[in-house]
>>> print(open('target_26.txt').read())   # compact mmCIF, C-alpha atoms
# COMPACT_ATOMS: atom_id res chain seq x y z
CA MET A 23 0.00 0.00 0.00
CA PHE A 24 2.85 2.40 0.79
CA ILE A 25 4.44 1.86 -2.62
CA MET A 26 1.14 2.25 -4.47
CA THR A 27 0.46 5.47 -2.56
CA CYS A 28 3.86 6.85 -3.55
CA LEU A 29 3.24 5.88 -7.15
CA TYR A 30 -0.25 7.11 -7.83
CA LEU A 31 -1.30 9.89 -5.47
CA PRO A 32 0.58 12.55 -7.47
CA VAL A 33 -1.13 11.29 -10.65
CA LEU A 34 -4.47 12.42 -9.30
CA ALA A 35 -3.30 16.01 -8.90
CA THR A 36 -4.15 18.61 -11.50
CA GLY A 37 -2.56 21.83 -12.65
CA GLN A 38 -1.52 23.88 -15.63
CA ILE A 39 0.62 22.45 -18.40
CA SER A 40 3.23 23.85 -20.71
CA ASN A 41 1.94 24.80 -24.13
CA ASP A 42 5.26 23.95 -25.78
CA TYR A 43 6.49 20.76 -24.15
CA PRO A 44 5.47 17.63 -26.10
CA ILE A 45 2.70 15.31 -24.94
CA LYS A 46 4.03 12.40 -26.98
CA PRO A 47 7.50 11.16 -27.97
CA ASN A 48 7.69 13.02 -31.27
CA LYS A 49 10.49 14.77 -33.17
CA GLN A 50 10.28 17.83 -30.93
CA TYR A 51 10.66 15.68 -27.83
CA PHE A 52 13.77 13.87 -29.05
CA LYS A 53 15.24 17.14 -30.30
CA SER A 54 14.92 18.55 -26.78
CA TYR A 55 17.57 16.05 -25.64
CA LEU A 56 20.07 17.95 -27.77
CA THR A 57 19.04 21.22 -26.11
CA LEU A 58 19.55 19.71 -22.67
CA SER A 59 22.90 18.22 -23.64
CA LYS A 60 24.05 21.60 -24.91
CA ASN A 61 23.06 23.23 -21.61
CA VAL A 62 24.98 20.58 -19.70
CA VAL A 63 28.17 21.16 -21.69
CA THR A 64 28.09 24.95 -21.99
CA GLY A 65 26.39 25.89 -18.71
CA PRO A 66 29.52 26.82 -16.71
CA LEU A 67 30.53 29.36 -19.35
CA ARG A 68 27.55 31.47 -18.30
CA TRP A 69 27.89 31.16 -14.53
CA HIS A 70 27.58 34.26 -12.36
CA LYS A 71 28.27 34.81 -8.67
CA LYS A 72 25.12 33.07 -7.49
CA GLU A 73 25.81 29.98 -9.58
CA TRP A 74 29.37 29.73 -8.27
CA ILE A 75 28.07 29.96 -4.70
CA ILE A 76 25.64 27.09 -5.34
CA ALA A 77 28.32 24.99 -7.02
CA GLY A 78 30.79 25.80 -4.24
CA SER A 79 28.30 24.77 -1.56
CA THR A 80 27.71 21.47 -3.31
CA ILE A 81 31.43 20.79 -3.62
CA ALA A 82 31.94 21.73 0.05
CA ALA A 83 29.27 19.28 1.19
CA GLY A 84 30.76 16.57 -0.98
CA THR A 85 34.24 17.34 0.39
CA VAL A 86 33.07 17.01 4.00
CA CYS A 87 31.54 13.64 3.20
CA TYR A 88 34.72 12.63 1.39
CA ILE A 89 36.83 13.43 4.45
CA TYR A 90 34.59 11.30 6.66
CA ASP A 91 33.66 8.58 4.16
CA ASP A 92 35.28 5.86 6.26
CA GLU A 93 33.56 6.95 9.46
CA ILE A 94 30.17 7.27 7.75
CA ARG A 95 30.54 3.80 6.25
CA SER A 96 31.47 2.38 9.63
CA PHE A 97 28.40 3.96 11.24
CA PHE A 98 26.00 2.46 8.72
CA GLN A 99 27.63 -0.95 8.79
CA LYS A 100 27.17 -1.00 12.58
CA SER A 101 23.50 0.02 12.22
CA GLN A 102 22.27 -2.95 10.21
CA SER A 103 18.91 -4.55 11.06
CA GLU A 104 16.35 -6.78 9.36
CA GLY A 105 13.81 -3.97 9.15
CA ALA A 106 16.32 -1.57 7.61
CA ASP A 107 17.48 -4.26 5.20
CA PHE A 108 13.91 -4.79 4.02
CA THR A 109 13.26 -1.07 3.67
CA SER A 110 16.43 -0.52 1.69
CA GLU A 111 15.96 -3.50 -0.62
CA TYR A 112 12.23 -3.31 -1.36
CA ILE A 113 11.05 0.24 -0.61
CA LEU A 114 13.91 2.68 -1.20
CA GLY A 115 16.56 1.10 -3.41
CA PRO A 116 14.33 0.20 -6.39
CA TRP A 117 13.43 3.88 -6.89
CA GLY A 118 16.97 4.41 -8.17
CA GLY A 119 16.71 1.49 -10.56
CA ILE A 120 14.42 0.80 -13.50
CA THR A 121 11.33 -0.99 -12.20
CA TYR A 122 9.71 1.54 -9.86
CA PRO A 123 10.42 4.59 -12.07
CA ALA A 124 9.06 2.67 -15.09
CA ILE A 125 5.84 1.88 -13.21
CA LEU A 126 5.55 5.47 -12.00
CA LEU A 127 6.14 7.09 -15.38
CA GLY A 128 4.12 4.47 -17.21
CA GLY A 129 1.27 5.14 -14.78
CA TYR A 130 1.46 8.85 -15.51
CA TYR A 131 1.38 8.33 -19.26
CA LEU A 132 -1.45 5.79 -19.10
CA HIS A 133 -3.41 8.15 -16.86
CA GLY A 134 -2.82 10.94 -19.37
CA ILE A 135 -4.06 8.89 -22.30
CA THR A 136 -7.12 7.42 -20.61
CA THR A 137 -8.28 10.69 -19.03
CA LYS A 138 -7.01 13.01 -21.81
CA ASN A 139 -4.83 14.73 -19.21
CA ASN A 140 -1.93 16.28 -21.12
CA LYS A 141 -0.11 17.30 -17.96
CA SER A 142 0.24 13.67 -16.90
CA ARG A 143 1.68 12.81 -20.30
CA GLN A 144 4.14 15.69 -20.10
CA ILE A 145 5.27 14.63 -16.63
CA ALA A 146 5.82 11.08 -17.90
CA LEU A 147 7.98 12.30 -20.78
CA ALA A 148 9.85 14.79 -18.61
CA GLY A 149 10.52 12.11 -16.00
CA THR A 150 11.78 9.74 -18.70
CA GLN A 151 14.05 12.48 -19.97
CA ALA A 152 15.42 13.10 -16.47
CA PHE A 153 15.92 9.37 -15.96
CA ILE A 154 17.86 8.93 -19.19
CA MET A 155 19.96 12.05 -18.70
CA SER A 156 20.85 10.98 -15.15
CA ALA A 157 21.74 7.44 -16.19
CA VAL A 158 23.91 8.56 -19.10
CA SER A 159 25.63 11.39 -17.20
CA THR A 160 26.55 9.24 -14.22
CA GLU A 161 27.75 6.40 -16.44
CA VAL A 162 30.12 8.78 -18.22
CA LEU A 163 31.41 10.22 -14.94
CA LYS A 164 31.86 6.75 -13.44
CA ASN A 165 34.18 5.85 -16.30
CA VAL A 166 36.10 9.11 -16.05
CA PHE A 167 36.90 8.82 -12.35
CA HIS A 168 36.91 5.03 -11.77
CA ARG A 169 36.55 5.22 -8.01
CA HIS A 170 36.75 2.02 -5.98
CA ARG A 171 33.59 0.88 -4.20
CA PRO A 172 33.41 0.25 -0.44
CA THR A 173 33.13 -3.47 -1.15
CA ASP A 174 36.51 -3.59 -2.91
CA ILE A 175 39.30 -5.13 -0.88
CA PRO A 176 40.72 -3.33 0.92
CA PRO A 177 37.97 -0.69 1.18
CA ASP A 178 39.65 2.63 0.47
CA PRO A 179 37.69 5.86 -0.14
CA ARG A 180 40.85 7.47 -1.54
CA ALA A 181 41.32 4.89 -4.31
CA TRP A 182 40.71 6.41 -7.76
CA GLU A 183 42.01 4.91 -10.99
CA GLY A 184 41.29 7.84 -13.32
CA PRO A 185 40.17 7.96 -16.96
CA LEU A 186 42.85 5.63 -18.34
CA LYS A 187 41.51 2.55 -16.54
CA GLY A 188 39.11 1.60 -19.32
CA TRP A 189 35.37 1.04 -19.25
CA GLY A 190 33.26 -0.67 -16.61
CA GLU A 191 35.66 -1.16 -13.70
CA TYR A 192 35.62 0.68 -10.38
CA ASN A 193 32.43 2.69 -10.92
CA SER A 194 31.49 3.99 -7.49
CA PHE A 195 31.46 7.74 -8.23
CA PRO A 196 28.87 9.18 -8.51
CA SER A 197 25.82 7.21 -7.39
CA ARG A 198 23.48 6.55 -10.31
CA HIS A 199 20.65 5.54 -7.98
CA ALA A 200 20.86 8.85 -6.10
CA ALA A 201 21.00 10.84 -9.34
CA ILE A 202 17.97 9.08 -10.82
CA ALA A 203 15.95 9.39 -7.62
CA PHE A 204 16.64 13.12 -7.21
CA SER A 205 16.06 13.90 -10.88
CA LEU A 206 12.63 12.26 -10.73
CA ALA A 207 11.84 13.88 -7.38
CA THR A 208 12.64 17.28 -8.86
CA VAL A 209 10.45 16.74 -11.92
CA ILE A 210 7.51 15.57 -9.81
CA SER A 211 7.95 18.30 -7.20
CA ASP A 212 8.28 21.12 -9.74
CA SER A 213 5.20 19.86 -11.56
CA TYR A 214 3.04 20.54 -8.48
CA PRO A 215 4.42 23.75 -6.89
CA GLU A 216 1.09 24.34 -5.17
CA LYS A 217 1.20 20.99 -3.33
CA ALA A 218 3.86 21.01 -0.61
CA TRP A 219 3.21 17.39 0.34
CA VAL A 220 4.31 16.25 -3.12
CA SER A 221 7.71 17.91 -2.66
CA ILE A 222 8.08 16.55 0.87
CA LEU A 223 7.23 13.01 -0.23
CA SER A 224 9.34 13.15 -3.39
CA TYR A 225 12.51 14.49 -1.80
CA SER A 226 12.14 12.36 1.32
CA LEU A 227 11.96 9.26 -0.88
CA ALA A 228 14.95 10.42 -2.94
CA THR A 229 16.96 11.11 0.21
CA GLY A 230 16.10 7.64 1.43
CA VAL A 231 17.39 6.17 -1.84
CA ALA A 232 20.72 8.01 -1.45
CA ILE A 233 21.07 6.85 2.16
CA SER A 234 20.18 3.29 1.21
CA ARG A 235 23.14 3.15 -1.20
CA VAL A 236 25.49 3.93 1.67
CA TYR A 237 23.63 1.59 4.02
CA ASP A 238 23.92 -1.24 1.46
CA ASP A 239 27.66 -0.57 1.20
CA GLU A 240 27.33 0.05 -2.53
CA HIS A 241 28.64 3.63 -2.35
CA TRP A 242 30.60 6.02 -0.22
CA ALA A 243 28.62 8.91 1.24
CA SER A 244 30.37 11.39 -1.08
CA ASP A 245 29.23 9.32 -4.07
CA ALA A 246 25.65 9.63 -2.91
CA ILE A 247 25.67 13.38 -2.21
CA ILE A 248 27.27 14.27 -5.53
CA GLY A 249 24.91 11.91 -7.33
CA ALA A 250 21.98 13.60 -5.59
CA ALA A 251 23.25 17.04 -6.63
CA LEU A 252 23.65 15.93 -10.24
CA GLY A 253 20.16 14.46 -10.26
CA TYR A 254 18.68 17.64 -8.82
CA ALA A 255 20.43 19.75 -11.44
CA ILE A 256 19.27 17.49 -14.25
CA GLY A 257 15.72 17.51 -12.93
CA LYS A 258 15.77 21.32 -12.85
CA SER A 259 17.09 21.41 -16.41
CA VAL A 260 14.21 19.27 -17.58
CA THR A 261 11.49 21.16 -15.73
CA PHE A 262 12.74 24.55 -16.92
CA LEU A 263 12.61 23.19 -20.45
CA MET A 264 9.18 21.76 -19.73
CA LYS A 265 7.95 25.13 -18.52
CA ASN A 266 9.65 26.86 -21.43
CA ASP A 267 11.37 29.28 -19.03
CA LYS A 268 13.69 31.44 -21.10
CA GLN A 269 15.25 33.18 -18.11
CA ILE A 270 16.82 30.30 -16.22
CA SER A 271 18.32 26.94 -17.07
CA MET A 272 20.22 24.38 -15.01
CA GLY A 273 22.47 21.48 -15.78
CA ILE A 274 25.66 19.69 -14.80
CA THR A 275 29.25 20.01 -15.91
CA GLY A 276 31.42 17.20 -17.11
CA TYR A 277 33.26 17.37 -13.78
CA GLY A 278 30.20 16.90 -11.60
CA GLY A 279 29.50 20.58 -10.88
CA LEU A 280 26.08 22.14 -10.60
CA SER A 281 25.26 24.52 -13.44
CA VAL A 282 22.58 27.18 -12.86
CA VAL A 283 22.40 29.63 -15.72
CA CYS A 284 20.53 32.94 -15.87
CA HIS A 285 19.89 34.45 -19.28
CA LEU A 286 19.47 38.19 -18.79
>>> encode(input="target_26.txt", output="structure tokens")
Amino acid sequence: MFIMTCLYLPVLATGQISNDYPIKPNKQYFKSYLTLSKNVVTGPLRWHKKEWIIAGSTIAAGTVCYIYDDEIRSFFQKSQSEGADFTSEYILGPWGGITYPAILLGGYYLHGITTKNNKSRQIALAGTQAFIMSAVSTEVLKNVFHRHRPTDIPPDPRAWEGPLKGWGEYNSFPSRHAAIAFSLATVISDSYPEKAWVSILSYSLATGVAISRVYDDEHWASDAIIGAALGYAIGKSVTFLMKNDKQISMGITGYGGLSVVCHL
């Protein structure tokens, strides 16, 4: 019941839609991926003081976690329980994978078709866009940095192999699950600005996903926080495009920074 509530309560909400964002996966929709990719690559070139402050704060938080990665890991490994194991495996973790997001976004799109609700269809497409962008971006970064996971022997949060290692090995940084969860949470939350409970539920669930990756010993805490920041930035990029806001855009840099761009 908890999972079904998380999945479908937001679907029942109503609100205004964008007149420009597609309601079906057409040429315009796929072309928008190029627009988002361009914003991701060129965003830092247009940073101002405010954007550097945001990026600096994100880096600072990640740095603090990096310094204490060992201690944070030790805390979570000493806090294991059957109830927490179940919550992480069946309630939180899957939101950063494929199954739960697919059910959520598929539910939105089906709701949009059956009730002729274009907003639901737009949210489904925007969420899919955020999901894909998060998955691709984190996969690229993983294979640039090649950070060792906590489960590697010996566990060493300072072990990085760098871009010459190849493809597929040592892919701890950043957390893809955290990025996906926060990108979807941002899309859902920004779609219902008048409903505070949607934001609270969405970001609480996404935070739980990020924590679960550390609890499961799949990631260091710094992996999770940077992944969350990337996901948030990607989600903002998608929703600004969805709302056709010409004044502000957000994205991520190739080095994991947060890009918030104001066009004046």
>>> atom_distance(input="target_26.txt", atom1="CA of Ile247 in chain A", atom2="CA of Phe153 in chain A")
17.3 Å
>>> atom_distance(input="target_26.txt", atom1="CA of Glu191 in chain A", atom2="CA of Asn165 in chain A")
7.6 Å
>>> closest_atom_pairs(input="target_26.txt", of="range 165-273 of chain A", to="range 93-108 of chain A", cutoff="10 Å", atoms="all atoms listed in the file", output="tab-separated table")
residue	atom	partner	partner_atom	distance
A:Pro172	CA	A:Arg95	CA	8.1
A:Pro179	CA	A:Arg95	CA	9.8
A:Ile233	CA	A:Phe98	CA	9.3
A:Ser234	CA	A:Ala106	CA	8.9
A:Val236	CA	A:Arg95	CA	6.8
A:Tyr237	CA	A:Phe98	CA	5.3
A:Asp238	CA	A:Asp107	CA	8.0
A:Asp239	CA	A:Arg95	CA	7.3
A:His241	CA	A:Arg95	CA	8.8
A:Trp242	CA	A:Arg95	CA	6.8
A:Ala243	CA	A:Ile94	CA	6.9
A:Ser244	CA	A:Ile94	CA	9.7
>>> residues_around(input="target_26.txt", residues="Ala250 in chain A", least_positions_apart="3", cutoff="6 Å", atoms="all atoms listed in the file", output="list in words")
Ala200, Ala201, Phe204, Ile247 and Gly253 of chain A
>>> atom_distance(input="target_26.txt", atom1="CA of Tyr225 in chain A", atom2="CA of Gly118 in chain A")
12.7 Å
>>> closest_atom_pairs(input="target_26.txt", of="range 178-282 of chain A", to="range 42-57 of chain A", cutoff="10 Å", atoms="all atoms listed in the file", output="JSON lines")
{"residue": "A:Ser259", "atom": "CA", "partner": "A:Thr57", "partner_atom": "CA", "distance": 9.9}
{"residue": "A:Val260", "atom": "CA", "partner": "A:Ser54", "partner_atom": "CA", "distance": 9.3}
{"residue": "A:Thr261", "atom": "CA", "partner": "A:Tyr43", "partner_atom": "CA", "distance": 9.8}
{"residue": "A:Leu263", "atom": "CA", "partner": "A:Tyr43", "partner_atom": "CA", "distance": 7.6}
{"residue": "A:Met264", "atom": "CA", "partner": "A:Tyr43", "partner_atom": "CA", "distance": 5.3}
{"residue": "A:Lys265", "atom": "CA", "partner": "A:Tyr43", "partner_atom": "CA", "distance": 7.3}
{"residue": "A:Asn266", "atom": "CA", "partner": "A:Asp42", "partner_atom": "CA", "distance": 6.8}
>>> write_last_selection(input="target_26.txt", atoms="C-alpha atoms", output="CSV table (one decimal), in the frame of the given file")
chain,number,residue,atom,x,y,z
A,259,SER,CA,17.1,21.4,-16.4
A,260,VAL,CA,14.2,19.3,-17.6
A,261,THR,CA,11.5,21.2,-15.7
A,263,LEU,CA,12.6,23.2,-20.4
A,264,MET,CA,9.2,21.8,-19.7
A,265,LYS,CA,8.0,25.1,-18.5
A,266,ASN,CA,9.6,26.9,-21.4
>>> residues_near_point(input="target_26.txt", point="(18.9, 8.2, -8.6)", cutoff="8 Å", atoms="only C-alpha atoms", output="list in words")
Trp117, Gly118, Gly119, Ser156, Ser197, Arg198, His199, Ala200, Ala201, Ile202, Ala203, Phe204, Ser205, Leu206, Ala228, Val231, Ala232, Gly249, Ala250 and Gly253 of chain A
>>> write_last_selection(input="target_26.txt", atoms="C-alpha atoms", output="short mmCIF file (atom, residue, chain, number, x, y, z; two decimals), in the coordinates of the input")
data_model
loop_
_atom_site.label_atom_id
_atom_site.label_comp_id
_atom_site.auth_asym_id
_atom_site.auth_seq_id
_atom_site.Cartn_x
_atom_site.Cartn_y
_atom_site.Cartn_z
CA TRP A 117 13.43 3.88 -6.89
CA GLY A 118 16.97 4.41 -8.17
CA GLY A 119 16.71 1.49 -10.56
CA SER A 156 20.85 10.98 -15.15
CA SER A 197 25.82 7.21 -7.39
CA ARG A 198 23.48 6.55 -10.31
CA HIS A 199 20.65 5.54 -7.98
CA ALA A 200 20.86 8.85 -6.10
CA ALA A 201 21.00 10.84 -9.34
CA ILE A 202 17.97 9.08 -10.82
CA ALA A 203 15.95 9.39 -7.62
CA PHE A 204 16.64 13.12 -7.21
CA SER A 205 16.06 13.90 -10.88
CA LEU A 206 12.63 12.26 -10.73
CA ALA A 228 14.95 10.42 -2.94
CA VAL A 231 17.39 6.17 -1.84
CA ALA A 232 20.72 8.01 -1.45
CA GLY A 249 24.91 11.91 -7.33
CA ALA A 250 21.98 13.60 -5.59
CA GLY A 253 20.16 14.46 -10.26
#
>>> decode(input="target_26.txt", residues="range 109-199 of chain A", atoms="C-alpha atoms", output="PDB file, in the first residue's frame")
ATOM      1  CA  THR A 109      13.257  -1.067   3.671  1.00  0.00           C
ATOM      2  CA  SER A 110      16.428  -0.522   1.689  1.00  0.00           C
ATOM      3  CA  GLU A 111      15.956  -3.500  -0.620  1.00  0.00           C
ATOM      4  CA  TYR A 112      12.227  -3.311  -1.361  1.00  0.00           C
ATOM      5  CA  ILE A 113      11.046   0.244  -0.608  1.00  0.00           C
ATOM      6  CA  LEU A 114      13.913   2.681  -1.205  1.00  0.00           C
ATOM      7  CA  GLY A 115      16.564   1.096  -3.408  1.00  0.00           C
ATOM      8  CA  PRO A 116      14.326   0.196  -6.388  1.00  0.00           C
ATOM      9  CA  TRP A 117      13.435   3.876  -6.890  1.00  0.00           C
ATOM     10  CA  GLY A 118      16.966   4.412  -8.168  1.00  0.00           C
ATOM     11  CA  GLY A 119      16.711   1.487 -10.563  1.00  0.00           C
ATOM     12  CA  ILE A 120      14.422   0.805 -13.496  1.00  0.00           C
ATOM     13  CA  THR A 121      11.326  -0.987 -12.203  1.00  0.00           C
ATOM     14  CA  TYR A 122       9.709   1.543  -9.864  1.00  0.00           C
ATOM     15  CA  PRO A 123      10.420   4.587 -12.073  1.00  0.00           C
ATOM     16  CA  ALA A 124       9.059   2.674 -15.085  1.00  0.00           C
ATOM     17  CA  ILE A 125       5.837   1.884 -13.206  1.00  0.00           C
ATOM     18  CA  LEU A 126       5.549   5.468 -11.997  1.00  0.00           C
ATOM     19  CA  LEU A 127       6.144   7.089 -15.378  1.00  0.00           C
ATOM     20  CA  GLY A 128       4.120   4.469 -17.205  1.00  0.00           C
ATOM     21  CA  GLY A 129       1.273   5.143 -14.775  1.00  0.00           C
ATOM     22  CA  TYR A 130       1.461   8.845 -15.510  1.00  0.00           C
ATOM     23  CA  TYR A 131       1.385   8.327 -19.259  1.00  0.00           C
ATOM     24  CA  LEU A 132      -1.445   5.790 -19.102  1.00  0.00           C
ATOM     25  CA  HIS A 133      -3.412   8.150 -16.860  1.00  0.00           C
ATOM     26  CA  GLY A 134      -2.820  10.940 -19.368  1.00  0.00           C
ATOM     27  CA  ILE A 135      -4.062   8.892 -22.301  1.00  0.00           C
ATOM     28  CA  THR A 136      -7.121   7.415 -20.614  1.00  0.00           C
ATOM     29  CA  THR A 137      -8.282  10.687 -19.034  1.00  0.00           C
ATOM     30  CA  LYS A 138      -7.014  13.006 -21.806  1.00  0.00           C
ATOM     31  CA  ASN A 139      -4.834  14.726 -19.213  1.00  0.00           C
ATOM     32  CA  ASN A 140      -1.932  16.279 -21.123  1.00  0.00           C
ATOM     33  CA  LYS A 141      -0.111  17.301 -17.956  1.00  0.00           C
ATOM     34  CA  SER A 142       0.238  13.669 -16.897  1.00  0.00           C
ATOM     35  CA  ARG A 143       1.676  12.808 -20.299  1.00  0.00           C
ATOM     36  CA  GLN A 144       4.141  15.685 -20.097  1.00  0.00           C
ATOM     37  CA  ILE A 145       5.265  14.628 -16.631  1.00  0.00           C
ATOM     38  CA  ALA A 146       5.816  11.080 -17.895  1.00  0.00           C
ATOM     39  CA  LEU A 147       7.977  12.296 -20.779  1.00  0.00           C
ATOM     40  CA  ALA A 148       9.855  14.792 -18.605  1.00  0.00           C
ATOM     41  CA  GLY A 149      10.519  12.108 -16.005  1.00  0.00           C
ATOM     42  CA  THR A 150      11.777   9.743 -18.698  1.00  0.00           C
ATOM     43  CA  GLN A 151      14.052  12.484 -19.974  1.00  0.00           C
ATOM     44  CA  ALA A 152      15.416  13.104 -16.470  1.00  0.00           C
ATOM     45  CA  PHE A 153      15.917   9.369 -15.955  1.00  0.00           C
ATOM     46  CA  ILE A 154      17.860   8.926 -19.187  1.00  0.00           C
ATOM     47  CA  MET A 155      19.962  12.050 -18.701  1.00  0.00           C
ATOM     48  CA  SER A 156      20.850  10.976 -15.147  1.00  0.00           C
ATOM     49  CA  ALA A 157      21.738   7.439 -16.187  1.00  0.00           C
ATOM     50  CA  VAL A 158      23.909   8.562 -19.096  1.00  0.00           C
ATOM     51  CA  SER A 159      25.630  11.390 -17.203  1.00  0.00           C
ATOM     52  CA  THR A 160      26.549   9.239 -14.215  1.00  0.00           C
ATOM     53  CA  GLU A 161      27.750   6.403 -16.439  1.00  0.00           C
ATOM     54  CA  VAL A 162      30.116   8.776 -18.224  1.00  0.00           C
ATOM     55  CA  LEU A 163      31.415  10.216 -14.940  1.00  0.00           C
ATOM     56  CA  LYS A 164      31.862   6.751 -13.441  1.00  0.00           C
ATOM     57  CA  ASN A 165      34.175   5.855 -16.304  1.00  0.00           C
ATOM     58  CA  VAL A 166      36.097   9.112 -16.049  1.00  0.00           C
ATOM     59  CA  PHE A 167      36.899   8.821 -12.351  1.00  0.00           C
ATOM     60  CA  HIS A 168      36.913   5.025 -11.768  1.00  0.00           C
ATOM     61  CA  ARG A 169      36.546   5.215  -8.008  1.00  0.00           C
ATOM     62  CA  HIS A 170      36.746   2.020  -5.983  1.00  0.00           C
ATOM     63  CA  ARG A 171      33.590   0.876  -4.202  1.00  0.00           C
ATOM     64  CA  PRO A 172      33.409   0.251  -0.438  1.00  0.00           C
ATOM     65  CA  THR A 173      33.131  -3.473  -1.148  1.00  0.00           C
ATOM     66  CA  ASP A 174      36.505  -3.592  -2.914  1.00  0.00           C
ATOM     67  CA  ILE A 175      39.297  -5.126  -0.876  1.00  0.00           C
ATOM     68  CA  PRO A 176      40.722  -3.333   0.921  1.00  0.00           C
ATOM     69  CA  PRO A 177      37.973  -0.690   1.182  1.00  0.00           C
ATOM     70  CA  ASP A 178      39.648   2.630   0.469  1.00  0.00           C
ATOM     71  CA  PRO A 179      37.692   5.859  -0.145  1.00  0.00           C
ATOM     72  CA  ARG A 180      40.846   7.470  -1.541  1.00  0.00           C
ATOM     73  CA  ALA A 181      41.318   4.888  -4.308  1.00  0.00           C
ATOM     74  CA  TRP A 182      40.708   6.408  -7.756  1.00  0.00           C
ATOM     75  CA  GLU A 183      42.007   4.906 -10.993  1.00  0.00           C
ATOM     76  CA  GLY A 184      41.286   7.844 -13.320  1.00  0.00           C
ATOM     77  CA  PRO A 185      40.166   7.956 -16.964  1.00  0.00           C
ATOM     78  CA  LEU A 186      42.848   5.625 -18.342  1.00  0.00           C
ATOM     79  CA  LYS A 187      41.508   2.552 -16.536  1.00  0.00           C
ATOM     80  CA  GLY A 188      39.112   1.595 -19.319  1.00  0.00           C
ATOM     81  CA  TRP A 189      35.372   1.040 -19.249  1.00  0.00           C
ATOM     82  CA  GLY A 190      33.259  -0.668 -16.610  1.00  0.00           C
ATOM     83  CA  GLU A 191      35.665  -1.163 -13.704  1.00  0.00           C
ATOM     84  CA  TYR A 192      35.616   0.684 -10.381  1.00  0.00           C
ATOM     85  CA  ASN A 193      32.432   2.692 -10.921  1.00  0.00           C
ATOM     86  CA  SER A 194      31.492   3.993  -7.493  1.00  0.00           C
ATOM     87  CA  PHE A 195      31.464   7.739  -8.232  1.00  0.00           C
ATOM     88  CA  PRO A 196      28.866   9.183  -8.511  1.00  0.00           C
ATOM     89  CA  SER A 197      25.816   7.214  -7.389  1.00  0.00           C
ATOM     90  CA  ARG A 198      23.476   6.554 -10.314  1.00  0.00           C
ATOM     91  CA  HIS A 199      20.647   5.542  -7.978  1.00  0.00           C
TER      92      HIS A 199
END
